[in-house]
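Visitor: First, the structure itself, so that you have it in front of you.
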Amino acid sequence: MATIYYDKDIDPGLVKASKVAVIGYGSQGHAHALNLRDSGVDVRVALHAGSKSKAKAEEEGLTVLTVSEATQWADMLMFCTPDVPMRDIYSEGVAPHLRDGQLLLFAHGFNIHFGLIRPPANVDVAMVAPKGPGHRLRAEYLTGAGMPALVAVQQDFTGKAKQRALSYAWGIGCARAGLLETTFKEETETDLFGEQAVLCGGLSALIKAGFETLVEAGYQPEAAYFECLHETKLIVDLLYEGGLNYMRYSISDTAEWGDYVAGPKVINEQSRQAMKELLADIQSGKFAKEWIAENEAGRPNMERIRAAERTHPVEEVGKKLRPMMPFLKAK
């Protein structure tokens with residue numbers, strides 16, 4: 001069973017006695033910085049010169065430094081930037097200014113696990129990865145609740161890397177909900193697999209395939225949209241609240257029976273083999289190498305696929321139908 005830590009297991013004094021810099025002020029970065037501030041932590045935001053986020057951070061009363069300045073100032077640095085630019089941010093702004101005993105924190109293990117960032121031996125390296133988007137992390141904190149997070153230690157120079165990481169997690173409110181101990185390898189590989197096989201790649205492909213099957217059979221595209229895309233929220237909300245059994249309890253008996261007999265026909269041995277191949281590419285580093293190469297080439301394939309996906313019939317139908325539902329927030 002996994003080891004899970006809570007508020008009672010943590011020394012908040014470690015993060016409160018530290019100077020903490022959050023690199024980035026996007027979805028995760030803003031929530032980390034604001035939650036730390038409200039927890040009584042001395043925090044700064046680190047951004048590149050000319051960042052559009054600087055004004056947003058300063059409007060919240062936060063002090064903004066360059067990445068180089070923040071590295072020289074801070075005891076703990078949390079990377080809340082996208083995976084691809086993180087390597088250059090580290091090499092240009094962080095690496096030249098590191099000193100003994102600093103703690104490098106990551107909200108995702110990609111760059112450390114695949115060796116894109118290789119910290120020196122004289123610093124602690126750990127991860128605190130909230131299991132949800134930044135706006136939700138902030139909202140839960142403000143209500144007095146918290147969001148679960150994963151915690152891992154890659155390098156323990158000081159002998160207190162785990163305690164320091166747990167204390168940071170306390171500062172952003174995640175210890176209220178629970179901190180599951182893991183490794184950089186496990187977090188990175190399961191995160192990438194979940195995105196590709198289920199949450200993004202798998203679900204998107206399943207929605208499009210269902211929509212296309214109904215339309216090709218002569219059904220109205222609008223009806224296909226409602227059945228194959230719109231109603232996914234109903235099911236996902238039930239899964240989120242209570243798992244598979246709660247979802248099956250909440251739907252009709254007809255839908256439940258269809259779940260049992262049709263699901264294995266759609267997700268069959270061929271599908272499982274494809275998932276195993278996806279996982280193997282992630283574990284070997286093949287996916288990471290291909291993704292980095294795609295970015296270094298200027299993302300030609302991604303932009304081509306992105307443009308095609310934006311004009312898929314299910315998207316065109318959705319644009320017409322969503323205005324009928326005022327309870328949806330315009331996107």
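Identifiers in the structure tokens: chain A, B, ... in order shown; residue index from 1 per chain; ligand index from 1 in order shown.
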Excluding range 122-135 of chain A and any residue of its chain fewer than 3 positions from it, enumerate the residues within 9 Å of it, using only C-alpha atoms, and give them as a ChimeraX atom specification.

Guide: /A:26-32,78,98-109,112,119,138-140,147-162,164-166,168-169,174,179,183-184,187

Visitor: Using only C-alpha atoms, which protein or nucleic acid residues come within 12 Å of Gly202 in chain A? Drop anything in the same chain fewer than 6 positions from it, and give the result as an NGL selection string.

Guide: :A and (193-196 or 208-209 or 266-267 or 271-272 or 274-275 or 278)

Visitor: Using backbone DSSP assignments, extract all strand (DSSP E or B) residues from range 132-281 of chain A; output them as a VMD selection string.

Guide: chain A and resid 149 to 155 179 to 181

Visitor: For the residues in that selection, give me all heavy atoms as a JSON list (two decimals), in the first residue's frame.

Guide:
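As a result, part00.json now contains:
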[["chain", "number", "residue", "atom", "x", "y", "z"],
["A", 149, "ALA", "N", -1.81, 15.38, -3.52],
["A", 149, "ALA", "CA", -0.61, 15.57, -4.33],
["A", 149, "ALA", "C", 0.29, 14.36, -4.20],
["A", 149, "ALA", "O", 0.18, 13.56, -3.26],
["A", 149, "ALA", "CB", 0.14, 16.83, -3.89],
["A", 150, "LEU", "N", 1.19, 14.23, -5.17],
["A", 150, "LEU", "CA", 2.23, 13.21, -5.12],
["A", 150, "LEU", "C", 3.53, 13.85, -4.64],
["A", 150, "LEU", "O", 3.82, 15.00, -4.99],
["A", 150, "LEU", "CB", 2.45, 12.61, -6.51],
["A", 150, "LEU", "CG", 1.23, 11.99, -7.19],
["A", 150, "LEU", "CD1", 1.62, 11.43, -8.55],
["A", 150, "LEU", "CD2", 0.59, 10.92, -6.33],
["A", 151, "VAL", "N", 4.30, 13.12, -3.86],
["A", 151, "VAL", "CA", 5.58, 13.61, -3.35],
["A", 151, "VAL", "C", 6.65, 12.56, -3.62],
["A", 151, "VAL", "O", 6.43, 11.37, -3.42],
["A", 151, "VAL", "CB", 5.51, 13.89, -1.83],
["A", 151, "VAL", "CG1", 6.88, 14.28, -1.30],
["A", 151, "VAL", "CG2", 4.51, 14.99, -1.53],
["A", 152, "ALA", "N", 7.80, 13.03, -4.12],
["A", 152, "ALA", "CA", 8.90, 12.11, -4.42],
["A", 152, "ALA", "C", 10.22, 12.81, -4.19],
["A", 152, "ALA", "O", 10.32, 14.03, -4.30],
["A", 152, "ALA", "CB", 8.81, 11.63, -5.86],
["A", 153, "VAL", "N", 11.24, 12.03, -3.87],
["A", 153, "VAL", "CA", 12.60, 12.55, -3.69],
["A", 153, "VAL", "C", 13.51, 11.84, -4.68],
["A", 153, "VAL", "O", 13.56, 10.61, -4.72],
["A", 153, "VAL", "CB", 13.10, 12.34, -2.26],
["A", 153, "VAL", "CG1", 14.58, 12.73, -2.14],
["A", 153, "VAL", "CG2", 12.26, 13.15, -1.27],
["A", 154, "GLN", "N", 14.23, 12.61, -5.45],
["A", 154, "GLN", "CA", 15.19, 12.07, -6.41],
["A", 154, "GLN", "C", 16.62, 12.14, -5.87],
["A", 154, "GLN", "O", 17.44, 11.27, -6.16],
["A", 154, "GLN", "CB", 15.10, 12.86, -7.73],
["A", 154, "GLN", "CG", 16.02, 12.36, -8.84],
["A", 154, "GLN", "CD", 15.51, 11.12, -9.50],
["A", 154, "GLN", "OE1", 14.42, 10.62, -9.19],
["A", 154, "GLN", "NE2", 16.28, 10.57, -10.43],
["A", 155, "GLN", "N", 16.91, 13.18, -5.09],
["A", 155, "GLN", "CA", 18.26, 13.39, -4.59],
["A", 155, "GLN", "C", 18.20, 14.05, -3.22],
["A", 155, "GLN", "O", 17.54, 15.07, -3.06],
["A", 155, "GLN", "CB", 19.03, 14.27, -5.57],
["A", 155, "GLN", "CG", 20.48, 14.52, -5.24],
["A", 155, "GLN", "CD", 21.23, 15.14, -6.40],
["A", 155, "GLN", "OE1", 21.48, 14.48, -7.42],
["A", 155, "GLN", "NE2", 21.56, 16.41, -6.27],
["A", 179, "LEU", "N", -0.81, 13.37, 0.94],
["A", 179, "LEU", "CA", 0.35, 13.37, 0.05],
["A", 179, "LEU", "C", 0.81, 11.94, -0.15],
["A", 179, "LEU", "O", 1.27, 11.29, 0.79],
["A", 179, "LEU", "CB", 1.47, 14.22, 0.66],
["A", 179, "LEU", "CG", 1.07, 15.64, 1.08],
["A", 179, "LEU", "CD1", 2.17, 16.27, 1.90],
["A", 179, "LEU", "CD2", 0.76, 16.49, -0.14],
["A", 180, "LEU", "N", 0.67, 11.44, -1.35],
["A", 180, "LEU", "CA", 1.01, 10.06, -1.66],
["A", 180, "LEU", "C", 2.47, 9.99, -2.10],
["A", 180, "LEU", "O", 2.87, 10.65, -3.05],
["A", 180, "LEU", "CB", 0.10, 9.53, -2.76],
["A", 180, "LEU", "CG", 0.16, 8.05, -3.08],
["A", 180, "LEU", "CD1", -1.20, 7.57, -3.61],
["A", 180, "LEU", "CD2", 1.24, 7.73, -4.10],
["A", 181, "GLU", "N", 3.26, 9.16, -1.41],
["A", 181, "GLU", "CA", 4.68, 9.04, -1.73],
["A", 181, "GLU", "C", 4.88, 8.17, -2.97],
["A", 181, "GLU", "O", 4.30, 7.09, -3.09],
["A", 181, "GLU", "CB", 5.45, 8.45, -0.55],
["A", 181, "GLU", "CG", 6.95, 8.47, -0.73],
["A", 181, "GLU", "CD", 7.71, 8.12, 0.53],
["A", 181, "GLU", "OE1", 7.07, 7.61, 1.48],
["A", 181, "GLU", "OE2", 8.92, 8.36, 0.58]]

Visitor: Let me make sure I understand: among A:Ser91, A:Asn35, A:Ser167, A:Ser53, which one has the smallest atom-to-atom distance to Pro12 in chain A if we use only C-alpha atoms?

Guide: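 So, comparing all the options, the nearest one is A:Ser167.
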
Visitor: In Å, rounded to a single decimal, give me how far CA of Lys8 in chain A is from CA of Gly144 in chain A.

Guide: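 According to the coordinates, CA of Gly144 in chain A and CA of Lys8 in chain A are separated by 15.7 Å.
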
Visitor: List every residue of range 127-283 of chain A that DSSP, applied to the backbone of this structure, places in helix (DSSP H, G or I), and write the result as number ranges by chain.

Guide: A: 134-142, 161-171, 174-176, 184-199, 201-216, 221-230, 232-250, 253-266, 269-283

Visitor: Excluding Arg37 in chain A and any residue of its chain fewer than 6 positions from it, enumerate the residues within 9 Å of it, using only C-alpha atoms, and give them as a PyMOL selection string.

Guide: chain A and resi 43-44+62+171-172

Visitor: Could you please determine the separation between CA of Lys276 in chain A and CA of Ile292 in chain A in Å, to one decimal place?

Guide: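 Separation between CA of Lys276 in chain A and CA of Ile292 in chain A: 21.9 Å.
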
Visitor: Give me, as JSON lines, each residue of range 142-248 of chain A that comes within 9 Å of range 321-331 of chain A, together with its shortest interatomic pair and the distance in Å at one decimal, counting only C-alpha atoms, with rows ordered by chain and rising residue number.

Guide:
{"residue": "A:Glu222", "atom": "CA", "partner": "A:Leu321", "partner_atom": "CA", "distance": 7.5}
{"residue": "A:Tyr225", "atom": "CA", "partner": "A:Leu321", "partner_atom": "CA", "distance": 8.7}
{"residue": "A:Phe226", "atom": "CA", "partner": "A:Leu321", "partner_atom": "CA", "distance": 9.0}

Visitor: Given the selection you just returned, output its residues as a file containing all heavy atoms, formatted as a compact mmCIF listing (two decimals), in the first residue's frame.

Guide:
# COMPACT_ATOMS: atom_id res chain seq x y z
N GLU A 222 -26.19 16.19 -34.93
CA GLU A 222 -26.52 16.80 -33.65
C GLU A 222 -26.85 15.75 -32.60
O GLU A 222 -26.42 15.86 -31.44
CB GLU A 222 -27.70 17.76 -33.81
CG GLU A 222 -27.40 19.00 -34.67
CD GLU A 222 -27.49 18.73 -36.16
OE1 GLU A 222 -27.80 17.59 -36.57
OE2 GLU A 222 -27.21 19.67 -36.94
N TYR A 225 -23.62 14.10 -31.58
CA TYR A 225 -22.82 14.96 -30.69
C TYR A 225 -23.29 14.82 -29.25
O TYR A 225 -22.49 14.65 -28.34
CB TYR A 225 -22.94 16.41 -31.14
CG TYR A 225 -22.22 17.39 -30.25
CD1 TYR A 225 -20.89 17.71 -30.46
CD2 TYR A 225 -22.87 17.98 -29.17
CE1 TYR A 225 -20.21 18.60 -29.64
CE2 TYR A 225 -22.21 18.87 -28.32
CZ TYR A 225 -20.89 19.18 -28.57
OH TYR A 225 -20.23 20.05 -27.73
N PHE A 226 -24.62 14.90 -29.05
CA PHE A 226 -25.14 14.80 -27.68
C PHE A 226 -24.81 13.45 -27.05
O PHE A 226 -24.40 13.38 -25.88
CB PHE A 226 -26.66 15.01 -27.68
CG PHE A 226 -27.07 16.45 -27.71
CD1 PHE A 226 -27.87 16.95 -28.72
CD2 PHE A 226 -26.65 17.33 -26.71
CE1 PHE A 226 -28.24 18.29 -28.75
CE2 PHE A 226 -27.03 18.66 -26.73
CZ PHE A 226 -27.82 19.15 -27.75

Visitor: Have a look at A:Ala17, A:Val314, A:Cys200, A:Ala55 and name the one nearest to Ser39 in chain A; count only C-alpha atoms.

Guide: A:Ala17

Visitor: Pick from A:Gly243, A:Pro96, A:Gly40, A:Gly24: nearest to Lys54 in chain A, with only C-alpha atoms counted?

Guide: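 Selected residue with least distance to Lys54 in chain A: A:Gly24.
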
Visitor: Determine, counting only C-alpha atoms, which protein, DNA and RNA residues have an atom within 12 Å of an atom of Pro313 in chain A; residues of the same chain fewer than 5 positions away are not included. Present the result as a list in words.

Guide: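 Final neighbour list, sorted by chain and number: Ile207, Lys208, Ala209, Phe211, Glu212, Val215, Glu216, Gln220, Pro221, Glu222, Ala224, Tyr225, Ala308, Gly318, Lys319 and Lys320 of chain A.
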
Visitor: Would you mind exporting the chosen residues as a PDB file, in the first residue's frame, restricted to N, CA and C atoms?

Guide:
ATOM      1  N   ILE A 207     -14.504   9.347 -28.598  1.00  0.00           N
ATOM      2  CA  ILE A 207     -15.599  10.271 -28.910  1.00  0.00           C
ATOM      3  C   ILE A 207     -15.752  10.434 -30.416  1.00  0.00           C
ATOM      4  N   LYS A 208     -14.633  10.684 -31.102  1.00  0.00           N
ATOM      5  CA  LYS A 208     -14.701  10.888 -32.556  1.00  0.00           C
ATOM      6  C   LYS A 208     -15.176   9.623 -33.272  1.00  0.00           C
ATOM      7  N   ALA A 209     -14.685   8.457 -32.833  1.00  0.00           N
ATOM      8  CA  ALA A 209     -15.079   7.213 -33.483  1.00  0.00           C
ATOM      9  C   ALA A 209     -16.577   6.951 -33.300  1.00  0.00           C
ATOM     10  N   PHE A 211     -18.950   9.250 -32.715  1.00  0.00           N
ATOM     11  CA  PHE A 211     -19.648  10.262 -33.504  1.00  0.00           C
ATOM     12  C   PHE A 211     -19.660   9.880 -34.982  1.00  0.00           C
ATOM     13  N   GLU A 212     -18.499   9.511 -35.514  1.00  0.00           N
ATOM     14  CA  GLU A 212     -18.396   9.171 -36.930  1.00  0.00           C
ATOM     15  C   GLU A 212     -19.218   7.934 -37.278  1.00  0.00           C
ATOM     16  N   VAL A 215     -22.940   9.014 -37.496  1.00  0.00           N
ATOM     17  CA  VAL A 215     -23.195   9.875 -38.666  1.00  0.00           C
ATOM     18  C   VAL A 215     -23.128   9.063 -39.953  1.00  0.00           C
ATOM     19  N   GLU A 216     -22.126   8.186 -40.053  1.00  0.00           N
ATOM     20  CA  GLU A 216     -22.001   7.348 -41.246  1.00  0.00           C
ATOM     21  C   GLU A 216     -23.177   6.395 -41.395  1.00  0.00           C
ATOM     22  N   GLN A 220     -28.490  11.931 -37.354  1.00  0.00           N
ATOM     23  CA  GLN A 220     -28.185  13.358 -37.386  1.00  0.00           C
ATOM     24  C   GLN A 220     -26.905  13.652 -36.591  1.00  0.00           C
ATOM     25  N   PRO A 221     -26.038  14.490 -37.135  1.00  0.00           N
ATOM     26  CA  PRO A 221     -24.815  14.836 -36.408  1.00  0.00           C
ATOM     27  C   PRO A 221     -25.097  15.436 -35.038  1.00  0.00           C
ATOM     28  N   GLU A 222     -26.193  16.187 -34.935  1.00  0.00           N
ATOM     29  CA  GLU A 222     -26.523  16.801 -33.651  1.00  0.00           C
ATOM     30  C   GLU A 222     -26.848  15.746 -32.599  1.00  0.00           C
ATOM     31  N   ALA A 224     -25.751  12.686 -32.644  1.00  0.00           N
ATOM     32  CA  ALA A 224     -24.501  11.983 -32.378  1.00  0.00           C
ATOM     33  C   ALA A 224     -23.617  12.785 -31.416  1.00  0.00           C
ATOM     34  N   TYR A 225     -23.618  14.096 -31.579  1.00  0.00           N
ATOM     35  CA  TYR A 225     -22.823  14.959 -30.694  1.00  0.00           C
ATOM     36  C   TYR A 225     -23.295  14.821 -29.249  1.00  0.00           C
ATOM     37  N   ALA A 308      -6.061  20.268 -38.296  1.00  0.00           N
ATOM     38  CA  ALA A 308      -7.050  19.312 -38.795  1.00  0.00           C
ATOM     39  C   ALA A 308      -8.090  18.986 -37.730  1.00  0.00           C
ATOM     40  N   GLY A 318     -20.534  21.003 -32.543  1.00  0.00           N
ATOM     41  CA  GLY A 318     -20.528  21.524 -31.183  1.00  0.00           C
ATOM     42  C   GLY A 318     -20.650  23.036 -31.126  1.00  0.00           C
ATOM     43  N   LYS A 319     -20.008  23.730 -32.058  1.00  0.00           N
ATOM     44  CA  LYS A 319     -20.084  25.196 -32.096  1.00  0.00           C
ATOM     45  C   LYS A 319     -21.527  25.669 -32.266  1.00  0.00           C
ATOM     46  N   LYS A 320     -22.319  24.905 -33.007  1.00  0.00           N
ATOM     47  CA  LYS A 320     -23.715  25.273 -33.241  1.00  0.00           C
ATOM     48  C   LYS A 320     -24.610  24.939 -32.043  1.00  0.00           C
TER      49      LYS A 320
END

Visitor: Could you state the separation of CA of Asp75 in chain A and CA of Ile10 in chain A in Å, given to one decimal place?

Guide: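 Distance between the two atoms: 18.4 Å.
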
Visitor: Excluding range 285-291 of chain A and any residue of its chain fewer than 3 positions from it, enumerate the residues within 12 Å of it, using only C-alpha atoms, and give them as an NGL selection string.

Guide: :A and (83-84 or 109-116 or 185 or 188-189 or 192-193 or 196 or 277-282 or 294-302)

Visitor: Give me, as a list of chain:residue names, all polymer residues having an atom no more than 8 Å from Ala70 in chain A, counting only C-alpha atoms and skipping those fewer than 2 positions away in the same chain.

Guide: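 Contacts, in chain order: A:Ala21, A:Arg44, A:Val45, A:Ala46, A:Leu65, A:Thr66, A:Val67, A:Ser68, A:Gln72, A:Trp73, A:Ala74.
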
Visitor: For the residues selected in the previous step, produce a file with C-alpha atoms as an mmCIF file, in the first residue's frame.

Guide:
data_model
loop_
_atom_site.group_PDB
_atom_site.id
_atom_site.type_symbol
_atom_site.label_atom_id
_atom_site.label_comp_id
_atom_site.auth_asym_id
_atom_site.auth_seq_id
_atom_site.Cartn_x
_atom_site.Cartn_y
_atom_site.Cartn_z
ATOM 1 C CA ALA A 21 10.680 31.038 -5.359
ATOM 2 C CA ARG A 44 8.745 35.355 -4.761
ATOM 3 C CA VAL A 45 7.678 34.707 -8.347
ATOM 4 C CA ALA A 46 10.399 34.131 -10.947
ATOM 5 C CA LEU A 65 12.268 38.534 -9.809
ATOM 6 C CA THR A 66 14.134 37.188 -12.808
ATOM 7 C CA VAL A 67 14.954 33.479 -12.671
ATOM 8 C CA SER A 68 18.621 34.270 -11.993
ATOM 9 C CA GLN A 72 20.394 33.497 -5.870
ATOM 10 C CA TRP A 73 17.753 34.583 -3.324
ATOM 11 C CA ALA A 74 15.803 31.381 -2.636
#
